[in-house]
$ cat protein24.csv   # CSV, C-alpha atoms and all ligand atoms
chain,number,residue,atom,x,y,z
H,214,MET,CA,-7.3,2.8,15.5
H,215,ALA,CA,-3.6,3.7,15.3
H,216,ASN,CA,-2.1,6.2,12.9
H,217,ILE,CA,-0.5,4.1,10.1
H,218,ILE,CA,3.0,5.4,9.4
H,219,SER,CA,3.4,5.0,5.6
H,220,GLY,CA,6.9,4.1,4.6
H,221,THR,CA,5.8,4.4,1.0
H,222,HIS,CA,5.0,8.1,1.4
H,223,LEU,CA,7.9,9.0,3.6
H,224,ALA,CA,10.4,7.2,1.4
H,225,ALA,CA,9.0,9.1,-1.7
H,226,ASP,CA,9.7,12.4,0.1
H,227,VAL,CA,13.3,11.2,0.9
H,228,ILE,CA,13.8,10.1,-2.8
H,229,GLU,CA,12.6,13.5,-4.0
H,230,THR,CA,15.2,15.2,-1.8
H,231,VAL,CA,17.9,12.8,-3.0
H,232,LYS,CA,17.1,13.5,-6.6
H,233,THR,CA,17.3,17.2,-6.1
H,234,GLY,CA,20.6,16.8,-4.2
H,235,ALA,CA,22.0,14.6,-7.0
H,236,GLN,CA,21.1,17.1,-9.7
H,237,ALA,CA,22.7,19.9,-7.7
H,238,LEU,CA,25.9,17.9,-7.3
H,239,LEU,CA,26.0,17.1,-11.0
H,240,LYS,CA,25.6,20.7,-11.9
H,241,SER,CA,28.0,22.2,-9.3
H,242,HIS,CA,30.8,19.6,-9.4
H,243,ASP,CA,30.0,17.4,-12.4
H,244,ILE,CA,29.7,14.4,-10.1
H,245,ARG,CA,27.0,11.7,-10.5
H,246,PRO,CA,26.6,9.6,-7.4
H,247,GLY,CA,27.8,6.1,-8.1
H,248,LEU,CA,26.4,3.0,-6.3
H,249,ALA,CA,27.8,-0.5,-6.8
H,250,VAL,CA,25.7,-3.4,-5.5
H,251,ILE,CA,27.3,-6.9,-5.2
H,252,ILE,CA,25.2,-10.1,-4.8
H,253,VAL,CA,26.8,-13.5,-4.5
H,254,GLY,CA,24.5,-16.5,-5.2
H,255,GLU,CA,20.9,-17.0,-6.0
H,256,ASP,CA,18.9,-16.3,-2.8
H,257,PRO,CA,15.5,-15.3,-4.3
H,258,ALA,CA,14.7,-12.6,-1.6
H,259,SER,CA,18.1,-11.1,-2.0
H,260,GLN,CA,17.8,-11.0,-5.8
H,261,ILE,CA,14.5,-9.0,-5.4
H,262,TYR,CA,16.1,-6.6,-2.9
H,263,VAL,CA,19.1,-6.0,-5.1
H,264,ALA,CA,17.0,-5.4,-8.2
H,265,SER,CA,15.0,-2.8,-6.5
H,266,LYS,CA,18.1,-1.1,-5.1
H,267,GLY,CA,19.5,-0.8,-8.7
H,268,ARG,CA,16.2,0.5,-10.1
H,269,LYS,CA,15.9,3.1,-7.3
H,270,ALA,CA,19.5,4.3,-7.8
H,271,GLU,CA,18.7,4.8,-11.5
H,272,GLU,CA,15.5,6.7,-10.7
H,273,CYS,CA,17.6,9.0,-8.5
H,274,GLY,CA,19.9,9.8,-11.4
H,275,PHE,CA,22.8,7.8,-10.0
H,276,HIS,CA,25.4,5.8,-11.9
H,277,ALA,CA,24.3,2.3,-10.8
H,278,VAL,CA,26.1,-1.0,-11.3
H,279,THR,CA,25.2,-4.4,-10.1
H,280,HIS,CA,27.7,-7.2,-9.9
H,281,ARG,CA,26.0,-10.6,-9.9
H,282,LEU,CA,28.5,-13.3,-8.8
H,283,THR,CA,27.9,-17.0,-8.7
H,284,ALA,CA,27.5,-18.9,-5.4
H,285,ASP,CA,30.9,-20.5,-5.8
H,286,THR,CA,32.8,-17.2,-5.9
H,287,SER,CA,35.7,-17.3,-3.6
H,288,GLU,CA,36.3,-14.9,-0.8
H,289,ASP,CA,39.5,-13.7,-2.5
H,290,GLN,CA,37.6,-13.0,-5.7
H,291,LEU,CA,35.1,-11.0,-3.8
H,292,LEU,CA,37.8,-9.1,-2.0
H,293,GLN,CA,39.5,-8.4,-5.3
H,294,LEU,CA,36.3,-6.8,-6.7
H,295,ILE,CA,35.8,-4.7,-3.5
H,296,GLY,CA,39.4,-3.5,-3.9
H,297,GLU,CA,38.7,-2.4,-7.4
H,298,LEU,CA,35.5,-0.6,-6.4
H,299,ASN,CA,37.2,1.1,-3.5
H,300,ALA,CA,39.7,2.5,-6.0
H,301,ASP,CA,37.1,3.5,-8.6
H,302,PRO,CA,36.4,7.2,-8.5
H,303,ALA,CA,33.0,6.8,-10.3
H,304,ILE,CA,31.8,4.7,-7.3
H,305,HIS,CA,30.9,6.4,-4.1
H,306,GLY,CA,28.9,3.7,-2.4
H,307,ILE,CA,29.4,-0.1,-2.2
H,308,LEU,CA,26.9,-2.5,-0.9
H,309,VAL,CA,27.5,-6.2,-0.6
H,310,GLN,CA,24.1,-7.9,-0.1
H,311,LEU,CA,23.9,-10.2,2.9
H,312,PRO,CA,23.6,-13.0,3.7
H,313,LEU,CA,26.7,-14.4,1.9
H,314,PRO,CA,27.4,-18.0,1.1
H,315,ALA,CA,28.7,-19.9,4.1
H,316,HIS,CA,32.3,-20.3,2.7
H,317,ILE,CA,32.7,-16.5,2.7
H,318,HIS,CA,33.5,-14.8,6.0
H,319,GLU,CA,31.1,-11.9,6.3
H,320,GLU,CA,33.3,-9.9,8.6
H,321,ASN,CA,36.3,-10.0,6.2
H,322,ILE,CA,34.0,-8.6,3.5
H,323,THR,CA,32.2,-5.8,5.5
H,324,GLN,CA,35.5,-4.6,6.8
H,325,ALA,CA,37.1,-4.6,3.3
H,326,VAL,CA,34.8,-1.9,2.1
H,327,SER,CA,36.4,1.5,2.4
H,328,PRO,CA,34.7,3.3,5.3
H,329,ASP,CA,33.9,6.4,3.1
H,330,LYS,CA,32.1,4.2,0.6
H,331,ASP,CA,30.4,2.1,3.3
H,332,VAL,CA,26.8,3.1,2.6
H,333,ASP,CA,25.6,0.1,4.6
H,334,GLY,CA,27.3,1.5,7.7
H,335,PHE,CA,28.8,-1.9,8.6
H,336,HIS,CA,32.5,-0.9,8.8
H,337,TYR,CA,33.7,-0.8,12.4
H,338,SER,CA,34.8,2.8,11.9
H,339,ASN,CA,31.1,3.8,11.1
H,340,ILE,CA,29.7,1.6,13.9
H,341,GLY,CA,32.1,3.3,16.3
H,342,LYS,CA,31.0,6.8,15.1
H,343,LEU,CA,27.4,5.8,15.6
H,344,VAL,CA,27.9,4.4,19.1
H,345,ALA,CA,30.1,7.3,20.2
H,346,GLY,CA,27.8,9.9,18.6
H,347,ALA,CA,30.9,11.2,16.8
H,348,GLY,CA,31.2,13.2,13.6
H,349,GLU,CA,28.7,14.0,10.9
H,350,ASP,CA,30.6,12.1,8.3
H,351,GLY,CA,29.7,8.5,9.3
H,352,PHE,CA,27.2,6.2,7.7
H,353,VAL,CA,24.2,4.8,9.7
H,354,PRO,CA,22.8,1.4,8.6
H,355,CYS,CA,19.9,2.0,6.3
H,356,THR,CA,17.1,0.0,8.0
H,357,PRO,CA,17.6,1.6,11.5
H,358,ALA,CA,18.1,5.0,9.9
H,359,GLY,CA,14.7,4.6,8.1
H,360,ALA,CA,13.0,3.3,11.2
H,361,MET,CA,14.4,6.3,13.2
H,362,MET,CA,13.1,8.7,10.7
H,363,MET,CA,9.6,7.2,11.1
H,364,ILE,CA,9.9,7.5,14.9
H,365,ARG,CA,11.0,11.2,14.7
H,366,ARG,CA,8.0,12.0,12.5
H,367,VAL,CA,5.5,10.9,15.1
H,368,ARG,CA,7.5,11.4,18.4
H,369,GLY,CA,9.8,14.3,17.5
H,370,ASP,CA,13.6,14.5,18.0
H,371,ASP,CA,13.6,14.2,21.8
H,372,LEU,CA,12.5,10.9,23.3
H,373,SER,CA,13.4,11.8,26.9
H,374,GLY,CA,11.3,9.8,29.4
H,375,LEU,CA,10.1,7.3,26.8
H,376,ASP,CA,10.9,3.6,27.2
H,377,ALA,CA,12.0,2.1,23.9
H,378,VAL,CA,12.3,-1.7,23.4
H,379,VAL,CA,14.2,-3.2,20.5
H,380,VAL,CA,13.5,-6.9,19.9
H,381,GLY,CA,16.4,-8.4,18.0
H,382,ARG,CA,20.2,-7.8,18.5
H,383,SER,CA,21.6,-8.1,15.0
H,384,ASN,CA,24.4,-5.9,13.8
H,385,ILE,CA,22.3,-4.8,10.8
H,386,VAL,CA,19.2,-3.6,12.8
H,387,GLY,CA,19.0,-4.2,16.6
H,388,LYS,CA,22.3,-2.9,17.8
H,389,PRO,CA,22.4,0.3,15.6
H,390,MET,CA,18.7,0.9,16.3
H,391,ALA,CA,19.4,0.9,20.1
H,392,SER,CA,22.3,3.4,19.5
H,393,LEU,CA,20.0,5.8,17.6
H,394,LEU,CA,17.2,5.6,20.2
H,395,LEU,CA,19.7,6.2,23.0
H,396,ALA,CA,21.1,9.2,21.1
H,397,ALA,CA,17.6,10.6,21.1
H,398,SER,CA,17.5,10.2,24.9
H,399,ALA,CA,15.1,7.2,25.1
H,400,THR,CA,15.5,4.7,27.8
H,401,VAL,CA,16.5,1.6,25.8
H,402,THR,CA,16.1,-2.1,26.3
H,403,ILE,CA,17.4,-4.6,23.8
H,404,ALA,CA,15.4,-7.9,24.0
H,405,HIS,CA,16.2,-11.0,22.0
H,406,SER,CA,15.6,-14.8,21.7
H,407,ARG,CA,17.1,-15.4,25.2
H,408,THR,CA,15.2,-12.7,27.0
H,409,HIS,CA,13.0,-14.0,29.8
H,410,GLU,CA,9.4,-12.7,30.1
H,411,LEU,CA,9.5,-11.1,26.7
H,412,GLU,CA,5.8,-10.3,26.8
H,413,GLU,CA,6.3,-8.2,29.9
H,414,VAL,CA,9.3,-6.4,28.4
H,415,VAL,CA,7.3,-5.6,25.2
H,416,ARG,CA,4.4,-4.4,27.4
H,417,SER,CA,6.8,-1.7,28.9
H,418,ALA,CA,7.5,-0.2,25.5
H,419,ASP,CA,6.3,3.3,24.6
H,420,ILE,CA,8.3,2.7,21.4
H,421,LEU,CA,8.6,-0.9,20.1
H,422,VAL,CA,11.0,-1.9,17.3
H,423,THR,CA,10.8,-5.5,16.2
H,424,ALA,CA,13.4,-7.1,14.1
H,425,ILE,CA,12.8,-10.8,14.8
H,426,GLY,CA,11.9,-12.4,11.4
H,427,GLN,CA,9.1,-14.5,12.8
H,428,PRO,CA,5.6,-13.9,11.4
H,429,GLU,CA,3.3,-12.2,13.9
H,430,PHE,CA,5.4,-13.4,16.8
H,431,VAL,CA,4.6,-10.3,19.0
H,432,LYS,CA,0.9,-10.6,19.9
H,433,GLY,CA,-1.4,-7.6,19.9
H,434,VAL,CA,-2.3,-8.1,23.5
H,435,TRP,CA,1.3,-7.6,24.5
H,436,ILE,CA,1.2,-4.0,23.2
H,437,LYS,CA,1.1,-1.0,25.7
H,438,PRO,CA,-1.8,1.2,24.9
H,439,GLY,CA,-0.5,4.3,23.1
H,440,ALA,CA,2.7,2.7,21.9
H,441,THR,CA,4.5,3.5,18.7
H,442,ILE,CA,5.3,0.3,16.8
H,443,ILE,CA,8.0,0.0,14.1
H,444,ASP,CA,7.8,-3.4,12.6
H,445,VAL,CA,11.0,-4.3,10.7
H,446,GLY,CA,10.0,-7.9,10.0
H,447,ILE,CA,9.1,-8.9,6.4
H,448,ASN,CA,7.9,-12.5,6.6
H,449,ARG,CA,6.2,-14.5,3.8
H,450,ILE,CA,3.4,-16.8,4.9
H,451,PRO,CA,1.0,-19.0,3.0
H,452,ASP,CA,-2.3,-17.3,2.1
H,453,PRO,CA,-4.8,-20.1,1.3
H,454,HIS,CA,-7.6,-17.5,0.9
H,455,LYS,CA,-5.9,-16.2,-2.3
H,456,GLY,CA,-5.6,-19.7,-3.7
H,457,GLU,CA,-3.4,-22.7,-3.5
H,458,GLY,CA,0.3,-21.9,-3.2
H,459,ALA,CA,-0.4,-18.1,-2.8
H,460,THR,CA,1.5,-16.2,-0.1
H,461,ARG,CA,1.4,-12.8,1.6
H,462,LEU,CA,3.8,-10.6,3.6
H,463,VAL,CA,3.3,-10.0,7.3
H,464,GLY,CA,5.5,-8.4,10.0
H,465,ASP,CA,6.8,-9.6,13.3
H,466,VAL,CA,3.7,-8.0,15.1
H,467,GLU,CA,0.1,-9.2,15.0
H,468,PHE,CA,-1.0,-6.1,13.1
H,469,ASP,CA,-4.8,-6.4,13.2
H,470,ILE,CA,-4.9,-6.4,17.0
H,471,ALA,CA,-1.9,-4.3,17.7
H,472,SER,CA,-3.2,-1.5,15.5
H,473,VAL,CA,-6.3,-1.1,17.7
H,474,VAL,CA,-4.2,-0.6,20.8
H,475,ALA,CA,-1.2,1.3,19.5
H,476,ARG,CA,-0.9,5.0,18.8
H,477,ASP,CA,1.2,4.6,15.7
H,478,ILE,CA,2.2,1.5,13.7
H,479,THR,CA,4.1,0.7,10.5
H,480,PRO,CA,2.4,-1.6,8.0
H,481,VAL,CA,4.0,-4.6,6.2
H,482,PRO,CA,4.5,-4.2,3.3
H,483,GLY,CA,4.8,-0.5,2.8
H,484,GLY,CA,6.4,0.3,6.1
H,485,VAL,CA,10.1,0.1,6.9
H,486,GLY,CA,11.0,-1.8,3.7
H,487,PRO,CA,10.7,1.3,1.3
H,488,MET,CA,12.6,3.4,3.9
H,489,THR,CA,15.6,1.1,3.8
H,490,ILE,CA,16.1,1.6,0.1
H,491,ALA,CA,15.5,5.4,0.4
H,492,MET,CA,18.1,5.7,3.2
H,493,LEU,CA,20.6,3.7,1.0
H,494,MET,CA,20.1,6.4,-1.7
H,495,ALA,CA,20.5,9.1,0.9
H,496,ASN,CA,23.7,7.5,2.1
H,497,THR,CA,25.1,7.2,-1.4
H,498,LEU,CA,24.3,10.9,-2.1
H,499,LYS,CA,26.1,11.7,1.2
H,500,ALA,CA,29.1,9.7,0.2
H,501,ALA,CA,29.3,11.4,-3.2
H,502,CYS,CA,28.9,14.9,-1.6
H,503,LEU,CA,31.6,14.2,1.0
H,504,SER,CA,34.0,12.9,-1.7
H,505,ALA,CA,33.7,16.4,-3.2
H,506,GLY,CA,33.9,18.3,0.1
H,507,VAL,CA,30.3,19.4,-0.4
H,508,LYS,CA,27.9,19.5,2.6
H,509,PRO,CA,25.2,16.8,2.0
H,510,PRO,CA,21.6,17.8,2.2
H,511,VAL,CA,20.1,17.2,5.6
H,512,ILE,CA,17.7,14.2,5.3
H,513,ARG,CA,16.0,13.4,8.6
E,601,LIG,N1,20.5,-8.0,3.9
E,601,LIG,C1,19.4,-7.7,4.6
E,601,LIG,N2,19.4,-6.3,4.9
E,601,LIG,C2,20.6,-5.9,4.4
E,601,LIG,C3,21.2,-4.6,4.4
E,601,LIG,O1,20.6,-3.6,5.0
E,601,LIG,N3,22.3,-4.5,3.8
E,601,LIG,C4,22.9,-5.5,3.2
E,601,LIG,N4,24.1,-5.3,2.6
E,601,LIG,N5,22.4,-6.7,3.2
E,601,LIG,C5,21.2,-6.9,3.8
$ encode --input "protein24.csv" --output "structure tokens"
Amino acid sequence: MANIISGTHLAADVIETVKTGAQALLKSHDIRPGLAVIIVGEDPASQIYVASKGRKAEECGFHAVTHRLTADTSEDQLLQLIGELNADPAIHGILVQLPLPAHIHEENITQAVSPDKDVDGFHYSNIGKLVAGAGEDGFVPCTPAGAMMMIRRVRGDDLSGLDAVVVGRSNIVGKPMASLLLAASATVTIAHSRTHELEEVVRSADILVTAIGQPEFVKGVWIKPGATIIDVGINRIPDPHKGEGATRLVGDVEFDIASVVARDITPVPGGVGPMTIAMLMANTLKAACLSAGVKPPVIR
């Protein structure tokens, strides 16, 4: 049976470090890290994520504000709010929850956030720093940053000689994840919906990161014995055993079988999910520290 990598425990460690760092910054510079979260529309999953981000920011001792905008908000109105937050000295991090309604052009929004408040790491300046391995002052997207921390815990900092496969090529997870694995010297393959012989590609992975969004799409028998599996998928499926209309969360990987074959595996829920929020808090503390010229605590 594989080692289960608990995101719940690891995230709690990160949050403790963030709390301590936030208290120190308040004491030394009278700065309370400020996080603004913007949500447009009523998407129920996004509403839940945004609420938990706000709660966690408060738990960390941050100044936390949530802007809830209606689905008919125009792109100009959203840009206006981002401009105000960019200029607000009490705000160090700005997160616009995705997806946005179809009439708003996502790129215009992600690129309007000031790069030094871009705690999502979606601005091209931060993407460039990640891909080029340049500078310590950039922001890494929260989900891949959390996934990478889990990989480091079980595999160490140097992934030389290991084959890593990332399934999914999104800007939020797949592409930045591949950059992080490459920076750690893994041999990286990015697979996606157009990849031929996906099963064979997955079977080559010493480290497998799945960000597909399809419940248990990756079968347990595809897994290489001894692999480390980081399952980013959070998929809600019907659970008739629990009663009519009941549901449960599963990942992109068939956990029951994969966990017999793998060396390490993340659960869903309680895996990458809590890490994403913890890394958002770490990025916000980092933004606040950098705004004051203070070296942020090392969280890795
Ligand atoms: N929607 C799903 N994941 C994310 C994320 O990491 N950041 C933002 N802003 N929206 C998301």
$ residues_near_ligand --input "protein24.csv" --ligand "ligand LIG 601 (chain E)" --cutoff "8 Å" --atoms "all atoms listed in the file" --output "PDB file with C-alpha atoms, in the frame of the given file"
ATOM      1  CA  SER H 259      18.100 -11.100  -2.000  1.00  0.00           C
ATOM      2  CA  LEU H 308      26.900  -2.500  -0.900  1.00  0.00           C
ATOM      3  CA  VAL H 309      27.500  -6.200  -0.600  1.00  0.00           C
ATOM      4  CA  GLN H 310      24.100  -7.900  -0.100  1.00  0.00           C
ATOM      5  CA  LEU H 311      23.900 -10.200   2.900  1.00  0.00           C
ATOM      6  CA  PRO H 312      23.600 -13.000   3.700  1.00  0.00           C
ATOM      7  CA  ASP H 333      25.600   0.100   4.600  1.00  0.00           C
ATOM      8  CA  PRO H 354      22.800   1.400   8.600  1.00  0.00           C
ATOM      9  CA  CYS H 355      19.900   2.000   6.300  1.00  0.00           C
ATOM     10  CA  THR H 356      17.100   0.000   8.000  1.00  0.00           C
ATOM     11  CA  ILE H 385      22.300  -4.800  10.800  1.00  0.00           C
ATOM     12  CA  VAL H 386      19.200  -3.600  12.800  1.00  0.00           C
ATOM     13  CA  THR H 489      15.600   1.100   3.800  1.00  0.00           C
TER      14      THR H 489
END
$ residues_near_point --input "protein24.csv" --point "(3.1, 0.7, 22.1)" --cutoff "9 Å" --atoms "all atoms listed in the file" --output "NGL selection string"
:H and (415-421 or 435-442 or 471 or 474-478)
$ write_last_selection --input "protein24.csv" --atoms "C-alpha atoms" --output "mmCIF file, in the frame of the given file"
data_model
loop_
_atom_site.group_PDB
_atom_site.id
_atom_site.type_symbol
_atom_site.label_atom_id
_atom_site.label_comp_id
_atom_site.auth_asym_id
_atom_site.auth_seq_id
_atom_site.Cartn_x
_atom_site.Cartn_y
_atom_site.Cartn_z
ATOM 1 C CA VAL H 415 7.300 -5.600 25.200
ATOM 2 C CA ARG H 416 4.400 -4.400 27.400
ATOM 3 C CA SER H 417 6.800 -1.700 28.900
ATOM 4 C CA ALA H 418 7.500 -0.200 25.500
ATOM 5 C CA ASP H 419 6.300 3.300 24.600
ATOM 6 C CA ILE H 420 8.300 2.700 21.400
ATOM 7 C CA LEU H 421 8.600 -0.900 20.100
ATOM 8 C CA TRP H 435 1.300 -7.600 24.500
ATOM 9 C CA ILE H 436 1.200 -4.000 23.200
ATOM 10 C CA LYS H 437 1.100 -1.000 25.700
ATOM 11 C CA PRO H 438 -1.800 1.200 24.900
ATOM 12 C CA GLY H 439 -0.500 4.300 23.100
ATOM 13 C CA ALA H 440 2.700 2.700 21.900
ATOM 14 C CA THR H 441 4.500 3.500 18.700
ATOM 15 C CA ILE H 442 5.300 0.300 16.800
ATOM 16 C CA ALA H 471 -1.900 -4.300 17.700
ATOM 17 C CA VAL H 474 -4.200 -0.600 20.800
ATOM 18 C CA ALA H 475 -1.200 1.300 19.500
ATOM 19 C CA ARG H 476 -0.900 5.000 18.800
ATOM 20 C CA ASP H 477 1.200 4.600 15.700
ATOM 21 C CA ILE H 478 2.200 1.500 13.700
#
$ closest_residue --input "protein24.csv" --among "H:Val485, H:Val445, H:Val434, H:Met214" --to "Gly387 in chain H" --atoms "only C-alpha atoms"
H:Val445
$ atom_distance --input "protein24.csv" --atom1 "CA of Val253 in chain H" --atom2 "CA of Ile322 in chain H"
11.8 Å
$ atom_distance --input "protein24.csv" --atom1 "CA of Val511 in chain H" --atom2 "CA of Glu349 in chain H"
10.6 Å
$ atom_distance --input "protein24.csv" --atom1 "CA of Leu503 in chain H" --atom2 "CA of Asp350 in chain H"
7.7 Å
$ closest_residue --input "protein24.csv" --among "H:Gln324, H:Thr479, H:Thr460, H:Ser265" --to "Asp444 in chain H" --atoms "all atoms listed in the file"
H:Thr479
$ residues_around --input "protein24.csv" --residues "Ala303 in chain H" --least-positions-apart "5" --cutoff "8 Å" --atoms "all atoms listed in the file" --output "PyMOL selection string"
chain H and resi 245-247+276
$ residues_around --input "protein24.csv" --residues "Asp285 in chain H" --least-positions-apart "4" --cutoff "12 Å" --atoms "only C-alpha atoms" --output "PDB file with C-alpha atoms, keeping the file's coordinate frame"
ATOM      1  CA  ILE H 252      25.200 -10.100  -4.800  1.00  0.00           C
ATOM      2  CA  VAL H 253      26.800 -13.500  -4.500  1.00  0.00           C
ATOM      3  CA  GLY H 254      24.500 -16.500  -5.200  1.00  0.00           C
ATOM      4  CA  GLU H 255      20.900 -17.000  -6.000  1.00  0.00           C
ATOM      5  CA  ARG H 281      26.000 -10.600  -9.900  1.00  0.00           C
ATOM      6  CA  ASP H 289      39.500 -13.700  -2.500  1.00  0.00           C
ATOM      7  CA  GLN H 290      37.600 -13.000  -5.700  1.00  0.00           C
ATOM      8  CA  LEU H 291      35.100 -11.000  -3.800  1.00  0.00           C
ATOM      9  CA  LEU H 313      26.700 -14.400   1.900  1.00  0.00           C
ATOM     10  CA  PRO H 314      27.400 -18.000   1.100  1.00  0.00           C
ATOM     11  CA  ALA H 315      28.700 -19.900   4.100  1.00  0.00           C
ATOM     12  CA  HIS H 316      32.300 -20.300   2.700  1.00  0.00           C
ATOM     13  CA  ILE H 317      32.700 -16.500   2.700  1.00  0.00           C
TER      14      ILE H 317
END
$ closest_residue --input "protein24.csv" --among "H:Gln427, H:Leu393, H:Ala495, H:Ile403" --to "Pro510 in chain H" --atoms "all atoms listed in the file"
H:Ala495
$ closest_residue --input "protein24.csv" --among "H:Gly274, H:Gly464, H:Gly306, H:Pro428" --to "Ala235 in chain H" --atoms "all atoms listed in the file"
H:Gly274
$ closest_residue --input "protein24.csv" --among "H:Lys508, H:Lys455, H:Arg368, H:Lys499" --to "His305 in chain H" --atoms "only C-alpha atoms"
H:Lys499
$ closest_residue --input "protein24.csv" --among "H:Ala491, H:Leu395, H:Leu239, H:Ala424" --to "Val379 in chain H" --atoms "all atoms listed in the file"
H:Ala424
$ residues_around --input "protein24.csv" --residues "Ser383 in chain H" --least-positions-apart "6" --cutoff "10 Å" --atoms "all atoms listed in the file" --output "PyMOL selection string"
chain H and resi 389-390+405+424-425
